[in-house]
Amino acid sequence: MQAATDSKWVAPYHRRNALAAVRLFCFPYAGGGASVFVRSLARMTPSIEVCPVQPPGRENRLSEPCLTSVAEVSKVAAEALRPYFDKDFAVFGHSLGALFGYELLQILRQTGAPPARHLIVSAHRAPHIPLPHPATWQLADLEFKQRIQELNGTPKEVLEHPELQALMLPLMRADFRLDETYSPAPGHHALDCPITVIGGTRDKDVPELHLREWRAWTNKRFDLKMIEGDHFFIHTKSSRLVAVITEALRAEGCPV
């Protein structure tokens, strides 16, 4: 397989590390871009090469139209990231990013690609669990902004600044639509890699019961870790998050 080459699906500030034992592809949450991992995974050991994934429609890809389904995002990402699968890899996704990562591995399984060493997902219900609340992506602007504020993941300044709102609300609606209209395809089967699920102890939207249901999607080891915090513990407890990810990969024999 050819060596990794630059792709716009990987953040432009990513630096390849020939000495890393494993690549960790990281998918962001709704409305977020690859930069969310610069701070949250800043303390990752150098033996894990963090590859922040940049879907279209955000940050340096702001001028590109958003894709219209989770499956489409993951299918295009699978092809774009293929040159990066020249060494062991794992996948991490937070919230909506968990679905992107899961779908990516389903696509790779169906195409006969080497399995990931690990799937690590956080702050999202298992794929087969229906949306537990009414859809919000079609709400009027005021109600939609209230929903975003409840999740506590978007800076207050963004929601109060008209120009930033004009940029961010369409992206967030598009991402909420991806999440709220998602259902796994009939051809999906349990993955041949371990799954570690991470949840926030005060996350009102994703209860532990819905996190445990991820167990159905692996033929290998399953683990659940709870971290103190709300839906966005990825920012408030980043050190603990890094520790959980590192421990999960180490448990599978990765020399990290």
# chains A, B, ... in the order shown; residues from 1 in each chain; ligands from 1
call {"tool": "closest_atom_pairs", "arguments": {"of": "region 188-227 of chain A", "to": "region 96-110 of chain A", "cutoff": "12 Å", "atoms": "only C-alpha atoms", "output": "Markdown table"}}
result
| residue | atom | partner | partner_atom | distance |
| --- | --- | --- | --- | --- |
| A:His188 | CA | A:Gln106 | CA | 6.6 |
| A:His189 | CA | A:Gln106 | CA | 7.7 |
| A:Ala190 | CA | A:Gln106 | CA | 8.6 |
| A:Leu191 | CA | A:Gln106 | CA | 7.2 |
| A:Asp192 | CA | A:Arg109 | CA | 8.3 |
| A:Cys193 | CA | A:Leu105 | CA | 9.3 |
| A:Pro194 | CA | A:Leu105 | CA | 11.7 |
| A:Ile195 | CA | A:Tyr102 | CA | 9.8 |
| A:Thr196 | CA | A:Ala98 | CA | 11.1 |
| A:Val197 | CA | A:Ala98 | CA | 9.5 |
| A:Ile198 | CA | A:Ala98 | CA | 10.4 |
| A:Gly199 | CA | A:Ala98 | CA | 11.7 |
| A:Val206 | CA | A:Leu96 | CA | 11.9 |
| A:Leu211 | CA | A:Ala98 | CA | 11.3 |
| A:Trp214 | CA | A:Tyr102 | CA | 10.3 |
| A:Trp217 | CA | A:Tyr102 | CA | 9.2 |
| A:Thr218 | CA | A:Tyr102 | CA | 10.7 |
call {"tool": "select_by_dssp", "arguments": {"residues": "region 60-169 of chain A", "states": "strand (DSSP E or B)", "output": "list in words"}}
result
Phe89, Ala90, Val91, Phe92, Gly93, His94, His118, Leu119, Ile120, Val121 and Ser122 of chain A
call {"tool": "write_last_selection", "arguments": {"atoms": "N, CA and C atoms", "output": "short mmCIF file (atom, residue, chain, number, x, y, z; two decimals), in the first residue's frame"}}
result
data_model
loop_
_atom_site.label_atom_id
_atom_site.label_comp_id
_atom_site.auth_asym_id
_atom_site.auth_seq_id
_atom_site.Cartn_x
_atom_site.Cartn_y
_atom_site.Cartn_z
N PHE A 89 -4.09 1.53 12.41
CA PHE A 89 -4.88 2.73 12.66
C PHE A 89 -6.05 2.41 13.57
N ALA A 90 -6.52 3.45 14.23
CA ALA A 90 -7.71 3.38 15.06
C ALA A 90 -8.56 4.61 14.72
N VAL A 91 -9.80 4.61 15.19
CA VAL A 91 -10.73 5.69 14.88
C VAL A 91 -11.37 6.19 16.16
N PHE A 92 -11.45 7.51 16.28
CA PHE A 92 -12.13 8.15 17.40
C PHE A 92 -13.13 9.16 16.86
N GLY A 93 -14.33 9.17 17.40
CA GLY A 93 -15.32 10.16 17.02
C GLY A 93 -16.13 10.61 18.22
N HIS A 94 -16.37 11.91 18.28
CA HIS A 94 -17.16 12.46 19.39
C HIS A 94 -18.52 12.92 18.89
N HIS A 118 -8.94 -0.38 16.66
CA HIS A 118 -9.90 -0.03 17.71
C HIS A 118 -10.85 1.04 17.18
N LEU A 119 -12.09 0.98 17.61
CA LEU A 119 -13.05 2.08 17.42
C LEU A 119 -13.35 2.66 18.79
N ILE A 120 -13.11 3.95 18.93
CA ILE A 120 -13.37 4.65 20.19
C ILE A 120 -14.41 5.73 19.90
N VAL A 121 -15.54 5.65 20.55
CA VAL A 121 -16.62 6.60 20.32
C VAL A 121 -17.01 7.25 21.64
N SER A 122 -17.48 8.48 21.55
CA SER A 122 -17.89 9.16 22.78
C SER A 122 -19.11 10.02 22.54
#
call {"tool": "closest_residue", "arguments": {"among": "A:Thr136, A:Ser69, A:Ser47, A:Gln54", "to": "Pro12 (chain A)", "atoms": "only C-alpha atoms"}}
result
A:Gln54
call {"tool": "closest_residue", "arguments": {"among": "A:Lys145, A:His14, A:Arg250, A:Lys204", "to": "Cys26 (chain A)", "atoms": "only C-alpha atoms"}}
result
A:His14
call {"tool": "residues_around", "arguments": {"residues": "region 229-234 of chain A", "least_positions_apart": "3", "cutoff": "8 Å", "atoms": "only C-alpha atoms", "output": "number ranges by chain"}}
result
A: 40, 94, 123, 151-153, 199-206, 237-238, 241
call {"tool": "residues_around", "arguments": {"residues": "Thr68 (chain A)", "least_positions_apart": "4", "cutoff": "10 Å", "atoms": "only C-alpha atoms", "output": "count of residues only"}}
result
6
call {"tool": "atom_distance", "arguments": {"atom1": "CA of Thr111 (chain A)", "atom2": "CA of Pro186 (chain A)"}}
result
16.0 Å
call {"tool": "atom_distance", "arguments": {"atom1": "CA of Thr236 (chain A)", "atom2": "CA of Leu224 (chain A)"}}
result
19.0 Å
call {"tool": "closest_residue", "arguments": {"among": "A:Gly253, A:Pro130, A:Gly32, A:Pro52", "to": "Arg16 (chain A)", "atoms": "only C-alpha atoms"}}
result
A:Pro52
call {"tool": "closest_residue", "arguments": {"among": "A:Ala18, A:Leu171, A:Ile227, A:Ala126", "to": "Leu67 (chain A)", "atoms": "only C-alpha atoms"}}
result
A:Leu171
call {"tool": "atom_distance", "arguments": {"atom1": "CA of Ser74 (chain A)", "atom2": "CA of Phe25 (chain A)"}}
result
12.1 Å
call {"tool": "select_by_dssp", "arguments": {"residues": "region 17-94 of chain A", "states": "alpha helix (DSSP H)", "output": "list in words"}}
result
Val36, Phe37, Val38, Arg39, Ser40, Val70, Ala71, Glu72, Val73, Ser74, Lys75, Val76, Ala77, Ala78, Glu79, Ala80 and Leu81 of chain A
call {"tool": "write_last_selection", "arguments": {"atoms": "C-alpha atoms", "output": "JSON list (two decimals), in the first residue's frame"}}
result
[["chain", "number", "residue", "atom", "x", "y", "z"],
["A", 36, "VAL", "CA", -11.32, 20.81, 18.14],
["A", 37, "PHE", "CA", -8.69, 18.08, 18.55],
["A", 38, "VAL", "CA", -5.75, 20.47, 18.69],
["A", 39, "ARG", "CA", -6.54, 21.28, 22.30],
["A", 40, "SER", "CA", -8.47, 18.21, 23.44],
["A", 70, "VAL", "CA", -23.58, 10.13, 7.37],
["A", 71, "ALA", "CA", -23.04, 7.29, 4.91],
["A", 72, "GLU", "CA", -21.98, 9.73, 2.18],
["A", 73, "VAL", "CA", -19.50, 11.50, 4.48],
["A", 74, "SER", "CA", -17.96, 8.20, 5.53],
["A", 75, "LYS", "CA", -17.86, 6.75, 2.02],
["A", 76, "VAL", "CA", -16.00, 9.76, 0.63],
["A", 77, "ALA", "CA", -13.73, 9.85, 3.68],
["A", 78, "ALA", "CA", -12.88, 6.15, 3.28],
["A", 79, "GLU", "CA", -11.61, 6.75, -0.23],
["A", 80, "ALA", "CA", -9.78, 9.97, 0.63],
["A", 81, "LEU", "CA", -8.07, 8.44, 3.68]]
call {"tool": "residues_around", "arguments": {"residues": "Val22 (chain A)", "least_positions_apart": "3", "cutoff": "10 Å", "atoms": "only C-alpha atoms", "output": "JSON, numbers by chain"}}
result
{"A": [17, 18, 19, 25, 46, 47, 48, 49, 50, 85, 87, 88, 89, 90, 116, 117, 249, 254, 255, 256]}
call {"tool": "write_last_selection", "arguments": {"atoms": "N, CA and C atoms", "output": "short mmCIF file (atom, residue, chain, number, x, y, z; two decimals), in the first residue's frame"}}
result
data_model
loop_
_atom_site.label_atom_id
_atom_site.label_comp_id
_atom_site.auth_asym_id
_atom_site.auth_seq_id
_atom_site.Cartn_x
_atom_site.Cartn_y
_atom_site.Cartn_z
N ASN A 17 4.01 11.21 11.33
CA ASN A 17 5.03 10.79 12.27
C ASN A 17 5.43 9.36 11.94
N ALA A 18 6.55 9.19 11.31
CA ALA A 18 7.00 7.86 10.88
C ALA A 18 7.26 6.93 12.05
N LEU A 19 7.51 7.50 13.22
CA LEU A 19 7.83 6.68 14.39
C LEU A 19 6.60 6.27 15.20
N PHE A 25 -7.52 8.40 13.61
CA PHE A 25 -8.36 9.30 12.84
C PHE A 25 -9.47 9.82 13.74
N PRO A 46 3.44 10.81 21.62
CA PRO A 46 3.90 10.86 20.22
C PRO A 46 3.80 9.52 19.49
N SER A 47 3.66 8.42 20.23
CA SER A 47 3.53 7.12 19.57
C SER A 47 2.15 6.93 18.95
N ILE A 48 1.22 7.87 19.22
CA ILE A 48 -0.09 7.88 18.57
C ILE A 48 -0.14 9.11 17.67
N GLU A 49 -0.21 8.90 16.38
CA GLU A 49 -0.27 10.00 15.42
C GLU A 49 -1.72 10.45 15.25
N VAL A 50 -2.06 11.59 15.83
CA VAL A 50 -3.41 12.11 15.76
C VAL A 50 -3.66 12.70 14.37
N PHE A 85 -3.82 4.39 5.35
CA PHE A 85 -3.97 3.09 6.01
C PHE A 85 -2.74 2.21 5.81
N LYS A 87 -0.31 1.96 7.84
CA LYS A 87 0.15 1.45 9.14
C LYS A 87 -1.08 1.22 10.01
N ASP A 88 -0.89 0.58 11.16
CA ASP A 88 -2.01 0.33 12.05
C ASP A 88 -2.76 1.63 12.33
N PHE A 89 -4.09 1.53 12.41
CA PHE A 89 -4.88 2.73 12.66
C PHE A 89 -6.05 2.41 13.57
N ALA A 90 -6.52 3.45 14.23
CA ALA A 90 -7.71 3.38 15.06
C ALA A 90 -8.56 4.61 14.72
N ALA A 116 -9.57 -1.85 11.58
CA ALA A 116 -8.93 -0.93 12.52
C ALA A 116 -8.51 -1.68 13.77
N ARG A 117 -7.52 -1.16 14.46
CA ARG A 117 -7.13 -1.76 15.73
C ARG A 117 -8.19 -1.50 16.80
N LEU A 249 -5.95 1.65 23.46
CA LEU A 249 -5.03 1.17 22.43
C LEU A 249 -3.96 0.25 23.03
N CYS A 254 -1.06 -2.31 21.18
CA CYS A 254 -0.35 -1.24 20.50
C CYS A 254 0.75 -0.70 21.42
N PRO A 255 1.98 -0.60 20.95
CA PRO A 255 3.08 -0.13 21.80
C PRO A 255 3.04 1.38 21.99
N VAL A 256 2.04 1.85 22.71
CA VAL A 256 1.87 3.28 22.92
C VAL A 256 2.07 3.65 24.39
#
call {"tool": "closest_residue", "arguments": {"among": "A:His210, A:Cys51, A:Lys8, A:Arg15", "to": "Phe27 (chain A)", "atoms": "only C-alpha atoms"}}
result
A:Cys51
